[in-house]
Amino acid sequence: MGNYVSLYLTNPKGTPVPLTEPSFDPNLGFPQGRKERVMIATQEEMEAAKLPLEARDYCAHKLIQYRACRSDVWPWAYKCAHEKHEYLNCEYEDYILRLKEYEREKRLLQRKLKIEKKQAQELAA
């Protein structure tokens, strides 16, 4: 809720809009560049596994492995605890990465506004 209060009430210019593409260069501040994230599961594999659209993310390959394990050992689904842990850990790491990207975008927006304000003051002086 704090992001929406900030977005619409307290700081609309300095808060990124959720669910949009970043407005800054992803390699800004990274001299050697960044490692690009790659989907491991293909579209065909996800369709064959009948994954819902909301589950087709960077952790889809782990979910496919977990579901396959559950179907293989069905009455004893507890035997797939390792696969479940890997999938949930992947989802958590993906969440943390998206959170860091949001915070980076927010800080870069605030930096841009600060620089623009300083330039406007210099021009007025």
# chains A, B, ... in the order shown; residues from 1 in each chain; ligands from 1
call {"tool": "closest_atom_pairs", "arguments": {"of": "stretch 8-77 of chain A", "to": "stretch 90-103 of chain A", "cutoff": "12 Å", "atoms": "only C-alpha atoms", "output": "tab-separated table"}}
result
residue	atom	partner	partner_atom	distance
A:Gly14	CA	A:Glu103	CA	11.1
A:Thr15	CA	A:Tyr102	CA	9.2
A:Pro16	CA	A:Tyr102	CA	7.3
A:Val17	CA	A:Tyr102	CA	9.2
A:Pro18	CA	A:Tyr102	CA	8.1
A:Leu19	CA	A:Tyr102	CA	9.7
A:Thr20	CA	A:Tyr102	CA	10.1
A:Glu21	CA	A:Tyr102	CA	10.2
A:Pro22	CA	A:Tyr102	CA	8.4
A:Ser23	CA	A:Tyr102	CA	11.0
A:Phe24	CA	A:Glu101	CA	10.8
A:Asp25	CA	A:Glu101	CA	11.7
A:Pro26	CA	A:Glu101	CA	9.2
A:Asn27	CA	A:Glu101	CA	11.8
A:Arg37	CA	A:Asp94	CA	10.5
A:Ala55	CA	A:Glu91	CA	10.0
A:Arg56	CA	A:Glu91	CA	11.4
A:Asp57	CA	A:Glu91	CA	8.9
A:Tyr58	CA	A:Asp94	CA	7.5
A:Cys59	CA	A:Cys90	CA	5.9
A:Ala60	CA	A:Glu91	CA	9.4
A:His61	CA	A:Cys90	CA	10.0
A:Lys62	CA	A:Cys90	CA	7.7
A:Leu63	CA	A:Cys90	CA	9.5
call {"tool": "residues_around", "arguments": {"residues": "A:Tyr66", "least_positions_apart": "6", "cutoff": "12 Å", "atoms": "only C-alpha atoms", "output": "ChimeraX atom specification"}}
result
/A:49,51,59-60,72-74,77-88
call {"tool": "write_last_selection", "arguments": {"atoms": "N, CA and C atoms", "output": "compact mmCIF listing (two decimals), in the first residue's frame"}}
result
# COMPACT_ATOMS: atom_id res chain seq x y z
N ALA A 49 3.22 -28.83 -20.23
CA ALA A 49 3.01 -29.05 -18.80
C ALA A 49 1.71 -28.40 -18.32
N LEU A 51 1.02 -25.26 -17.75
CA LEU A 51 1.22 -24.26 -16.71
C LEU A 51 0.27 -23.08 -16.95
N CYS A 59 10.97 -19.09 -13.13
CA CYS A 59 11.06 -20.31 -12.32
C CYS A 59 10.18 -21.43 -12.89
N ALA A 60 9.70 -21.29 -14.09
CA ALA A 60 8.79 -22.28 -14.67
C ALA A 60 9.45 -23.65 -14.77
N ASP A 72 4.83 -38.46 -10.46
CA ASP A 72 5.54 -39.74 -10.44
C ASP A 72 5.35 -40.49 -9.13
N VAL A 73 5.32 -39.78 -8.01
CA VAL A 73 5.25 -40.43 -6.71
C VAL A 73 3.95 -40.07 -5.99
N TRP A 74 2.88 -39.89 -6.72
CA TRP A 74 1.69 -39.20 -6.22
C TRP A 74 1.25 -39.48 -4.79
N ALA A 77 3.54 -37.49 -1.93
CA ALA A 77 4.02 -36.21 -2.46
C ALA A 77 5.10 -35.60 -1.58
N TYR A 78 5.18 -36.03 -0.34
CA TYR A 78 6.21 -35.49 0.55
C TYR A 78 7.62 -35.82 0.06
N LYS A 79 7.74 -36.82 -0.82
CA LYS A 79 9.04 -37.18 -1.36
C LYS A 79 9.59 -36.12 -2.31
N CYS A 80 8.75 -35.17 -2.69
CA CYS A 80 9.16 -34.10 -3.60
C CYS A 80 9.49 -32.82 -2.84
N ALA A 81 9.80 -32.94 -1.59
CA ALA A 81 10.08 -31.75 -0.77
C ALA A 81 11.27 -30.97 -1.31
N HIS A 82 12.27 -31.66 -1.83
CA HIS A 82 13.45 -30.97 -2.36
C HIS A 82 13.09 -30.14 -3.58
N GLU A 83 12.30 -30.70 -4.49
CA GLU A 83 11.88 -29.96 -5.68
C GLU A 83 11.00 -28.77 -5.31
N LYS A 84 10.13 -28.99 -4.33
CA LYS A 84 9.27 -27.90 -3.88
C LYS A 84 10.11 -26.78 -3.28
N HIS A 85 11.09 -27.15 -2.48
CA HIS A 85 11.97 -26.15 -1.87
C HIS A 85 12.73 -25.37 -2.94
N GLU A 86 13.24 -26.07 -3.96
CA GLU A 86 13.95 -25.39 -5.05
C GLU A 86 13.05 -24.41 -5.77
N TYR A 87 11.81 -24.82 -6.04
CA TYR A 87 10.87 -23.94 -6.73
C TYR A 87 10.53 -22.71 -5.88
N LEU A 88 10.22 -22.92 -4.61
CA LEU A 88 9.85 -21.79 -3.75
C LEU A 88 11.04 -20.85 -3.53
call {"tool": "select_by_dssp", "arguments": {"residues": "chain A", "states": "helix (DSSP H, G or I)", "output": "ChimeraX atom specification"}}
result
/A:2-10,43-48,53-55,60-72,74-124
call {"tool": "atom_distance", "arguments": {"atom1": "atom CA of A:Ile64", "atom2": "atom CA of A:Arg34"}}
result
27.4 Å
